[in-house]
There are 2 protein chains.
Amino acid sequence: MAFDLSPLLNPESVAIIGVSKNVSRIGGRLFKYITKHDYRGSLSLVNPKYEELKGVKCYPSISDIPTPIDCALIAVPEKNVIPVLSECADNNVRTAVVFSSGFAEMGSDGEKKQRKIKELAKTNKLRICGPNCIGLINFNTHTVLSFSQLLEIDTLIPGNIGFISQSGALGGSLVNRGQDMNIGLSYFISSGNEADLDVSDFIKYLVLYDQKTKVIAALIEGFKDGPKFVEAAELALKHRKPIIVLKIGETEAGKKAAASHTGSLAGSDSVIDALFNQKGIIRVHNYDELFQTASLFSKGRIPKGNRVGILTSSGGGGVIMADYYTKLGLKVPEPSQETKELASKEISTFGQVSNPFDLTGQIFSDPEMFKRCMKLFMGDKNFDIIQVNVSMVAGQSSEKRGQYLLESVRGSSKPVVTWWAAGSLSEPGIKILSDSDIAFFRSPERCAIAVKSLVKYYQLLETAKDSTESCYDADYSISLDSAKNILDAGDTCLSEHQSKALLKLYGIPVTRENVAKSPHEAISFAEEVGFPVVLKIDSPDITHKSEARAIRLGVNSEEEILQCYEEIIENAEKYDPKARINGVLVQEMIHGGTEVIVGMSQDPQFGPTIAFGLGGIFVEVLKDISLRVAPLTKSDAELMVRETKGYQILRGLRGKNRSDIEAVVDVLIKISRLAVDWKDYISEIDINPLIVFNKGQGIKALDALVVLKRPGKD
Amino acid sequence: MAFDLSPLLNPESVAIIGVSKNVSRIGGRLFKYITKHDYRGSLSLVNPKYEELKGVKCYPSISDIPTPIDCALIAVPEKNVIPVLSECADNNVRTAVVFSSGFAEMGSDGEKKQRKIKELAKTNKLRICGPNCIGLINFNTHTVLSFSQLLEIDTLIPGNIGFISQSGALGGSLVNRGQDMNIGLSYFISSGNEADLDVSDFIKYLVLYDQKTKVIAALIEGFKDGPKFVEAAELALKHRKPIIVLKIGETEAGKKAAASHTGSLAGSDSVIDALFNQKGIIRVHNYDELFQTASLFSKGRIPKGNRVGILTSSGGGGVIMADYYTKLGLKVPEPSQETKELASKEISTFGQVSNPFDLTGQIFSDPEMFKRCMKLFMGDKNFDIIQVNVSMVAGQSSEKRGQYLLESVRGSSKPVVTWWAAGSLSEPGIKILSDSDIAFFRSPERCAIAVKSLVKYYQLLETAKDSTESCYDADYSISLDSAKNILDAGDTCLSEHQSKALLKLYGIPVTRENVAKSPHEAISFAEEVGFPVVLKIDSPDITHKSEARAIRLGVNSEEEILQCYEEIIENAEKYDPKARINGVLVQEMIHGGTEVIVGMSQDPQFGPTIAFGLGGIFVEVLKDISLRVAPLTKSDAELMVRETKGYQILRGLRGKNRSDIEAVVDVLIKISRLAVDWKDYISEIDINPLIVFNKGQGIKALDALVVLKRPGKD
């Protein structure tokens, strides 16, 4: 076992350090709630002020406790936290929860103190949750190690959703709401400032070692360690435990002035979106969706496709759900002929068997008819998921509806989701479903979004099975030595020609070109590549060649070369007198094709990130760019091309030719490999433009820029 | 008074026709609920089977009732509805509610029956609600004329929101939810199939004559009469009674094959969006938002701007709200210097005075500090709206927070909205706010969207004050006779030249051009407009000139004209041998400028609708088009240009020239006038492309197509 968090999440013995009589203090509330909710292990108290509290013995210090302690709850002022933790370590306490605030959330002074907690944890094998957290709850064992006012509730509903929250107050609030809706949890863990244990540690533990937890929900403000989170996500995907995340706050990345164009467009929040898509993490965008989506996943019914059959007792409700599903890209197909025939016998002339299937007011005069129609829909091979709308039913009528629902889903494994349109009057019906594997929603929108996430997750699991081919599976060999030579020759940036040389090593097609040191040499190169040619300055210091007026297109004769060569050199020298000039790049002139942009930038959290988009207004006006975190699999690269709006152009608009999309995918995979191989050397790559020709005719990089990491700077 | 609905909405005497002992029947439930909720007027029952029911006398027929009846509730089988309504009319019953189903919802047979109800209402001055409705409730007078199971609730909470719903079951469900959240109503009206009275009638009545109703909420499936709804919306805007609408179902318009390009893009749902924007109707897109948004409007506090100050007791909650507001285009500015100084004395070193202002855990040890900080925010001139987040507070703590909220908003008229993050544990606090003018939300997203709607509505009222200039205020005169001559000359479409002649009459600049009847004439016209020229077939029957290969660009000499002229005629004749050919259009060749498209199509519900978009990928790939229902005001036209993504191009991208946006606005207003003047003659107009030159240099229609209405066809 990599690490064992059971002394923290399921401790056999707990000590409250800094316990208090006063329930308005953390130490007081911890004591109140742990006893209120019947902690079944051994509880010790530590406070030199008391002999005992409510019959429980109180020790002057942790070293006075005669028995071993699995978990110490530390509710002492910030200045005493480190000494208390040291004492815990000395007395072989295995884990600790630090509730005290006054650490990293306070700025640099607090950060220093927090680093001490981290060091203490490392050197002593004491695993620590917090500081500045509200603690944790194990719902299955009634272990309450938290001071949240949430614990004013009378009973805790256990379940199979493990919930980890960086925000204590919001986390507690969400648990209250979830429990109101009878959504049971395995754990609530408030991870606080994460000096030692972070979200990724908890995810890994719940994925690998906790049998009770089938689904993980997380409220995340930021990632301490990107690669560790990626690892946790990959583990969860492998073990098929879905992670549902509400990521709040848009991070500050993209702020540093990026030398390249695509780099500046890659905001970190879009990187998180991209990463979540890649790794099968379900991102919810609204507070209310986190638990409701997790609850649907926790039901364990797996959709085989994306076709939804809708049974409704209100015409309008059917329209609402059909609209949502259609907008979200799911299908609402007609029922099978068999269903149509059988169901039409059920309904009077008032209704029509269609999808949505409106049972009309008839359902009130013949309530059992619902059950019979439901069974027909459950058995219909045209549907993968069954949606049931329940509108204004009150009291016993709602109970009966709930009962019929339970009866009619037996024997089938199709997911069944219900939307209850009314309020408190329908509570009795909803209650009947609470322990079942039928999901229930109050909001039709949240319902449809959750179903969409469920379908998407299981589709990803399917594709992931087939496509694991990554950028390292390509059957070409790369001379890493040659690449290193090129990189070592540069300091801040590589020149265009050097950048292209590097791309070429990785198998990315570039323009035929050469750097001329004299007009004479330029003429001879031009004859090699063939007129007309493009002339550009080649310098690692001049990245904006147009701005420097150091570029000439369509140069068509020896005379023009003679004239342009000098002009280019002069303009470059005027633009930046200190620039190092390698010479003038003589490059073949390319006609036709579609301009795309491929880029790489280093995300501060997740490392090399690949960007793709169409040139022109797609990038400039529409910011139409797709991202993935390297390394890419082939299906990552395919999806990132397909998800841009510009894809419609590549696919061939209105009878125009299809572009060589396969060549684009190939470049993305190769650039991903380049980015990973040299992630400590390269901070940005920009291929702009990359020209895509018609299908089968390949691709060519017209311009490229590699920005290097400067030692000690990145 | 235009029409008086008080006998329906506040009847002094009611008769239930078809009353029943059996509460599973409509007639039984109507009787159960009207008595359960203490109807204070006089109640008569009609059913020949009974002498009396629960002590209320039962008459054999309506004509036997000795006293006058304001409202008859008709719960008889469909086949008896018309006879009963006739009897009501004969006995001077003033209004009726028809609950029975079996009418227009059943297809064409039912439609015929429904038309009889309509005629009966018209000829007898009997105003009818329904059929196929669940009735209505007047919350202020406890008048319950409905059989919805909603009425199982014990008490009805009155308020100032009038709610009209075309869907009975969803309407009742929403009322149950609203009442659960202590949202009071003035009326719930289920309008059903709307044989006589429709949503617009009820809106007009509530706007003009009902003092209790300050805000109107509506759940709409479709519009019976578009112009009548527009009229109702204009009345409501004028009287400052906001209308909040949940419009469900995407209608079927845009299906008919549109001859023109823009026509085919104008789906009816986008027209509804456009109309709502024009007329200040607040459209909510989610079931849950309807009542919550209406509730915020009903509080009556009016924002003076769009700057939100956020007070939060959870850091994460502050981030969530700031994210939402920023994404929705509202401002979250820093507090004033004064607030910063005063508030910084309130908080310990743990917090920072900023926006959002996080009161941290300190709020638990010093609860009154919330009140003091709240007062500072209320008084801060940097904020127009105050957002308060309440996270995990339970029981008494939540009550105290509610109390402090009430105390701290007194004396200020700024809107105050609260988001309560927790669930049932915070109920006591929310309850304290229920009668106040502080709005409360469960969902942060719904909260932010509602605030955005509030700000948008009052901004529109402000702009509407200044900009009423419409397409009829322009200071140019139009020869309607000349226009009619052009239109009368056509049958299905006008030719390009005729279409442009019509545009020219309305002051829209078109290319210099003329129709040549011979190659010789073409040469002479070309000399007039100047070489190079464009040659095109001019025919009302050939609308796809490129497809017919009947267009030549850049024709530069007499010889070319001689050659092209014959080719164009030949190709046109080959393409459509029956086409009537006016000749060959000789047109000046235009260089430069930006291509836009202006169109008009007839929406089946709302009539002439103007469309605008940029040419190329903006329309083709991105469907980036804006719409407005004619007639347009100047500010309508300005907004419709500004709301397209393509606007960024017109405004001048990255140092490029700004286009003549004023000229575009001018064309939109003129086309709007043309569309309204000839709405019975023209079904579509397509100006594609319309070339916009640099600012100050105007605009020119390069191609145009006017499609005519064929008598008896549209």
# chains A, B, ... in the order shown; residues from 1 in each chain; ligands from 1

call {"tool": "interface_residues", "arguments": {"of": "chain B", "to": "chain A", "cutoff": "7 Å", "atoms": "only C-alpha atoms", "output": "CSV table (one decimal) with all heavy atoms, in the first residue's frame"}}
result
chain,number,residue,atom,x,y,z
B,102,GLY,N,-60.3,17.8,-24.9
B,102,GLY,CA,-61.0,17.2,-26.1
B,102,GLY,C,-61.2,18.2,-27.2
B,102,GLY,O,-62.0,18.0,-28.1
B,106,MET,N,-56.5,18.0,-29.7
B,106,MET,CA,-56.8,16.7,-30.3
B,106,MET,C,-56.7,16.7,-31.8
B,106,MET,O,-57.0,15.7,-32.4
B,106,MET,CB,-58.2,16.3,-30.0
B,106,MET,CG,-58.5,16.1,-28.5
B,106,MET,SD,-57.7,14.6,-28.0
B,106,MET,CE,-58.5,13.4,-29.1
B,149,GLN,N,-53.9,19.6,-8.0
B,149,GLN,CA,-53.5,19.0,-6.7
B,149,GLN,C,-52.6,20.0,-5.9
B,149,GLN,O,-52.4,19.8,-4.7
B,149,GLN,CB,-52.7,17.7,-6.9
B,149,GLN,CG,-53.6,16.5,-7.3
B,149,GLN,CD,-52.9,15.2,-7.1
B,149,GLN,OE1,-52.1,15.0,-6.2
B,149,GLN,NE2,-53.1,14.3,-8.1
B,150,LEU,N,-52.1,21.0,-6.6
B,150,LEU,CA,-51.4,22.1,-5.8
B,150,LEU,C,-52.3,22.5,-4.6
B,150,LEU,O,-51.7,22.9,-3.6
B,150,LEU,CB,-51.3,23.2,-6.8
B,150,LEU,CG,-51.1,24.6,-6.2
B,150,LEU,CD1,-49.8,24.8,-5.6
B,150,LEU,CD2,-51.3,25.7,-7.3
B,152,GLU,N,-53.8,21.0,-2.5
B,152,GLU,CA,-53.6,20.3,-1.3
B,152,GLU,C,-52.9,21.1,-0.2
B,152,GLU,O,-52.9,20.7,1.0
B,152,GLU,CB,-53.0,18.9,-1.5
B,152,GLU,CG,-53.7,18.0,-2.4
B,152,GLU,CD,-55.0,17.4,-1.8
B,152,GLU,OE1,-55.0,17.3,-0.5
B,152,GLU,OE2,-56.0,17.1,-2.5
B,167,SER,N,-49.3,25.9,-19.7
B,167,SER,CA,-49.3,24.5,-19.3
B,167,SER,C,-49.9,24.4,-17.9
B,167,SER,O,-49.3,25.1,-16.9
B,167,SER,CB,-47.8,24.0,-19.3
B,167,SER,OG,-47.8,22.8,-18.6
B,169,ALA,N,-50.2,21.6,-15.8
B,169,ALA,CA,-49.5,20.8,-14.8
B,169,ALA,C,-48.2,21.5,-14.4
B,169,ALA,O,-47.9,21.5,-13.2
B,169,ALA,CB,-49.2,19.4,-15.5
B,170,LEU,N,-47.4,22.0,-15.4
B,170,LEU,CA,-46.2,22.7,-15.0
B,170,LEU,C,-46.5,24.0,-14.2
B,170,LEU,O,-45.7,24.3,-13.3
B,170,LEU,CB,-45.4,23.1,-16.2
B,170,LEU,CG,-44.7,21.9,-17.0
B,170,LEU,CD1,-43.8,22.5,-18.1
B,170,LEU,CD2,-43.9,21.1,-16.0
B,172,GLY,N,-49.0,24.6,-12.1
B,172,GLY,CA,-49.3,24.2,-10.8
B,172,GLY,C,-48.1,23.8,-10.0
B,172,GLY,O,-47.8,24.2,-8.9
B,173,SER,N,-47.2,23.0,-10.7
B,173,SER,CA,-45.9,22.6,-10.0
B,173,SER,C,-45.1,23.8,-9.6
B,173,SER,O,-44.5,23.8,-8.5
B,173,SER,CB,-45.1,21.7,-11.0
B,173,SER,OG,-45.9,20.6,-11.5
B,174,LEU,N,-45.0,24.8,-10.5
B,174,LEU,CA,-44.2,25.9,-10.2
B,174,LEU,C,-44.7,26.7,-9.1
B,174,LEU,O,-44.0,27.2,-8.2
B,174,LEU,CB,-44.1,26.8,-11.5
B,174,LEU,CG,-43.0,26.6,-12.4
B,174,LEU,CD1,-43.1,27.4,-13.7
B,174,LEU,CD2,-41.6,26.9,-11.8
B,176,ASN,N,-46.4,25.5,-6.6
B,176,ASN,CA,-46.0,24.8,-5.4
B,176,ASN,C,-44.6,25.1,-4.9
B,176,ASN,O,-44.3,25.4,-3.8
B,176,ASN,CB,-46.2,23.3,-5.6
B,176,ASN,CG,-45.8,22.4,-4.4
B,176,ASN,OD1,-45.4,21.3,-4.6
B,176,ASN,ND2,-46.0,22.9,-3.2
B,177,ARG,N,-43.7,25.1,-5.9
B,177,ARG,CA,-42.3,25.5,-5.6
B,177,ARG,C,-42.1,26.9,-5.1
B,177,ARG,O,-41.4,27.1,-4.1
B,177,ARG,CB,-41.4,25.3,-6.8
B,177,ARG,CG,-41.2,23.9,-7.2
B,177,ARG,CD,-39.8,23.8,-7.7
B,177,ARG,NE,-39.7,22.6,-8.4
B,177,ARG,CZ,-38.7,22.2,-9.1
B,177,ARG,NH1,-37.7,23.1,-9.3
B,177,ARG,NH2,-38.6,21.1,-9.7
B,180,ASP,N,-43.3,27.2,-1.6
B,180,ASP,CA,-42.3,26.6,-0.7
B,180,ASP,C,-41.3,27.6,-0.4
B,180,ASP,O,-40.7,27.6,0.7
B,180,ASP,CB,-41.6,25.4,-1.4
B,180,ASP,CG,-42.5,24.2,-1.4
B,180,ASP,OD1,-43.5,24.2,-0.8
B,180,ASP,OD2,-42.1,23.2,-2.2
B,248,ILE,N,-41.2,27.9,-23.7
B,248,ILE,CA,-40.7,26.5,-23.9
B,248,ILE,C,-41.0,26.1,-25.3
B,248,ILE,O,-41.9,26.5,-26.0
B,248,ILE,CB,-41.2,25.5,-22.9
B,248,ILE,CG1,-42.7,25.3,-23.0
B,248,ILE,CG2,-40.8,25.9,-21.5
B,248,ILE,CD1,-43.2,24.1,-22.2
B,249,GLY,N,-40.2,25.1,-25.8
B,249,GLY,CA,-40.5,24.5,-27.1
B,249,GLY,C,-39.9,25.4,-28.2
B,249,GLY,O,-40.2,26.6,-28.2
B,286,ASN,N,-34.6,28.7,-17.9
B,286,ASN,CA,-34.7,27.5,-17.1
B,286,ASN,C,-35.9,27.6,-16.2
B,286,ASN,O,-36.3,28.6,-15.6
B,286,ASN,CB,-33.5,27.3,-16.3
B,286,ASN,CG,-32.3,27.0,-17.2
B,286,ASN,OD1,-32.3,26.1,-18.0
B,286,ASN,ND2,-31.3,27.9,-17.1
B,288,ASP,N,-36.5,26.7,-13.2
B,288,ASP,CA,-36.3,27.2,-11.9
B,288,ASP,C,-36.1,28.7,-11.8
B,288,ASP,O,-36.2,29.2,-10.7
B,288,ASP,CB,-35.0,26.5,-11.3
B,288,ASP,CG,-34.8,25.1,-11.8
B,288,ASP,OD1,-34.2,25.0,-12.9
B,288,ASP,OD2,-35.2,24.2,-11.1
B,314,SER,N,-17.7,33.3,3.1
B,314,SER,CA,-16.9,32.1,2.6
B,314,SER,C,-16.1,32.6,1.4
B,314,SER,O,-16.6,33.2,0.5
B,314,SER,CB,-17.8,31.0,2.2
B,314,SER,OG,-17.3,30.4,1.0
B,316,GLY,N,-14.6,31.1,-1.0
B,316,GLY,CA,-15.0,30.4,-2.2
B,316,GLY,C,-16.3,30.9,-2.7
B,316,GLY,O,-16.4,31.1,-3.9
B,317,GLY,N,-17.2,31.2,-1.8
B,317,GLY,CA,-18.5,31.8,-2.3
B,317,GLY,C,-18.3,33.1,-3.0
B,317,GLY,O,-19.0,33.4,-3.9
B,319,VAL,N,-15.7,34.1,-4.6
B,319,VAL,CA,-15.1,33.8,-6.0
B,319,VAL,C,-16.2,33.4,-6.9
B,319,VAL,O,-16.3,33.9,-8.1
B,319,VAL,CB,-14.1,32.7,-5.9
B,319,VAL,CG1,-13.6,32.3,-7.3
B,319,VAL,CG2,-12.9,33.1,-5.0
B,320,ILE,N,-17.1,32.5,-6.5
B,320,ILE,CA,-18.2,32.0,-7.3
B,320,ILE,C,-19.0,33.2,-7.8
B,320,ILE,O,-19.3,33.3,-9.0
B,320,ILE,CB,-19.1,31.0,-6.6
B,320,ILE,CG1,-18.4,29.7,-6.4
B,320,ILE,CG2,-20.4,30.8,-7.3
B,320,ILE,CD1,-19.2,28.6,-5.7
B,323,ASP,N,-17.1,35.5,-10.2
B,323,ASP,CA,-17.0,34.9,-11.5
B,323,ASP,C,-18.3,35.1,-12.3
B,323,ASP,O,-18.3,35.5,-13.5
B,323,ASP,CB,-16.8,33.4,-11.4
B,323,ASP,CG,-15.3,33.1,-11.3
B,323,ASP,OD1,-14.4,34.0,-11.5
B,323,ASP,OD2,-14.9,31.9,-11.1
B,350,PHE,N,-6.7,38.7,9.7
B,350,PHE,CA,-7.0,37.6,8.8
B,350,PHE,C,-7.7,37.9,7.5
B,350,PHE,O,-7.7,37.2,6.6
B,350,PHE,CB,-8.0,36.6,9.6
B,350,PHE,CG,-7.3,35.8,10.6
B,350,PHE,CD1,-7.2,36.3,11.9
B,350,PHE,CD2,-6.7,34.6,10.3
B,350,PHE,CE1,-6.5,35.6,12.9
B,350,PHE,CE2,-6.1,33.9,11.3
B,350,PHE,CZ,-6.0,34.4,12.6
B,391,SER,N,-23.1,31.3,4.1
B,391,SER,CA,-22.7,29.9,3.9
B,391,SER,C,-23.3,29.1,5.0
B,391,SER,O,-24.4,29.2,5.4
B,391,SER,CB,-21.2,29.7,3.7
B,391,SER,OG,-20.5,30.4,4.6
B,392,MET,N,-22.5,28.2,5.6
B,392,MET,CA,-23.0,27.2,6.5
B,392,MET,C,-23.4,27.8,7.9
B,392,MET,O,-22.6,27.7,8.8
B,392,MET,CB,-22.0,26.0,6.7
B,392,MET,CG,-22.5,24.8,7.4
B,392,MET,SD,-24.0,24.0,6.7
B,392,MET,CE,-25.2,24.5,7.9
B,393,VAL,N,-24.6,28.4,8.0
B,393,VAL,CA,-25.1,28.8,9.3
B,393,VAL,C,-26.4,28.0,9.6
B,393,VAL,O,-27.2,27.8,8.7
B,393,VAL,CB,-25.4,30.3,9.4
B,393,VAL,CG1,-24.1,31.1,9.4
B,393,VAL,CG2,-26.3,30.8,8.3
B,394,ALA,N,-26.5,27.6,10.8
B,394,ALA,CA,-27.7,26.7,11.2
B,394,ALA,C,-28.5,27.4,12.2
B,394,ALA,O,-28.0,28.2,13.0
B,394,ALA,CB,-27.2,25.4,11.7
B,421,ALA,N,-26.1,29.4,0.8
B,421,ALA,CA,-25.4,28.2,0.2
B,421,ALA,C,-25.9,26.9,0.9
B,421,ALA,O,-25.9,25.9,0.2
B,421,ALA,CB,-23.9,28.4,0.4
B,422,ALA,N,-26.3,26.9,2.1
B,422,ALA,CA,-26.6,25.7,2.8
B,422,ALA,C,-28.1,25.3,2.6
B,422,ALA,O,-28.8,25.9,1.8
B,422,ALA,CB,-26.4,25.8,4.3
B,423,GLY,N,-28.5,24.2,3.2
B,423,GLY,CA,-29.9,23.7,2.9
B,423,GLY,C,-30.8,24.0,4.1
B,423,GLY,O,-30.9,25.1,4.6
B,424,SER,N,-31.5,22.9,4.5
B,424,SER,CA,-32.6,23.1,5.5
B,424,SER,C,-32.1,23.8,6.8
B,424,SER,O,-32.9,24.4,7.5
B,424,SER,CB,-33.1,21.7,5.8
B,424,SER,OG,-32.1,20.8,6.2
B,443,SER,N,-29.6,29.2,-5.5
B,443,SER,CA,-28.5,28.9,-6.5
B,443,SER,C,-27.8,30.2,-6.8
B,443,SER,O,-28.4,31.2,-7.2
B,443,SER,CB,-29.2,28.3,-7.7
B,443,SER,OG,-28.4,28.6,-8.9
B,445,GLU,N,-26.0,30.7,-9.4
B,445,GLU,CA,-26.1,31.0,-10.8
B,445,GLU,C,-27.5,31.7,-11.1
B,445,GLU,O,-27.5,32.8,-11.7
B,445,GLU,CB,-26.1,29.7,-11.6
B,445,GLU,CG,-26.1,29.8,-13.1
B,445,GLU,CD,-26.5,28.5,-13.8
B,445,GLU,OE1,-27.1,27.6,-13.1
B,445,GLU,OE2,-26.2,28.4,-15.0

call {"tool": "select_by_dssp", "arguments": {"residues": "stretch 302-463 of chain B", "states": "strand (DSSP E)", "output": "ChimeraX atom specification"}}
result
/B:308-312,357-358,385-390,416-420,439-441

call {"tool": "atom_distance", "arguments": {"atom1": "atom CA of B:Pro540", "atom2": "atom CA of B:Thr492"}}
result
7.5 Å

call {"tool": "residues_around", "arguments": {"residues": "B:Phe223", "least_positions_apart": "4", "cutoff": "12 Å", "atoms": "only C-alpha atoms", "output": "ChimeraX atom specification"}}
result
/B:166,191,193-194,198-201,218-219,227-230,247-251,268-269,272,604-606
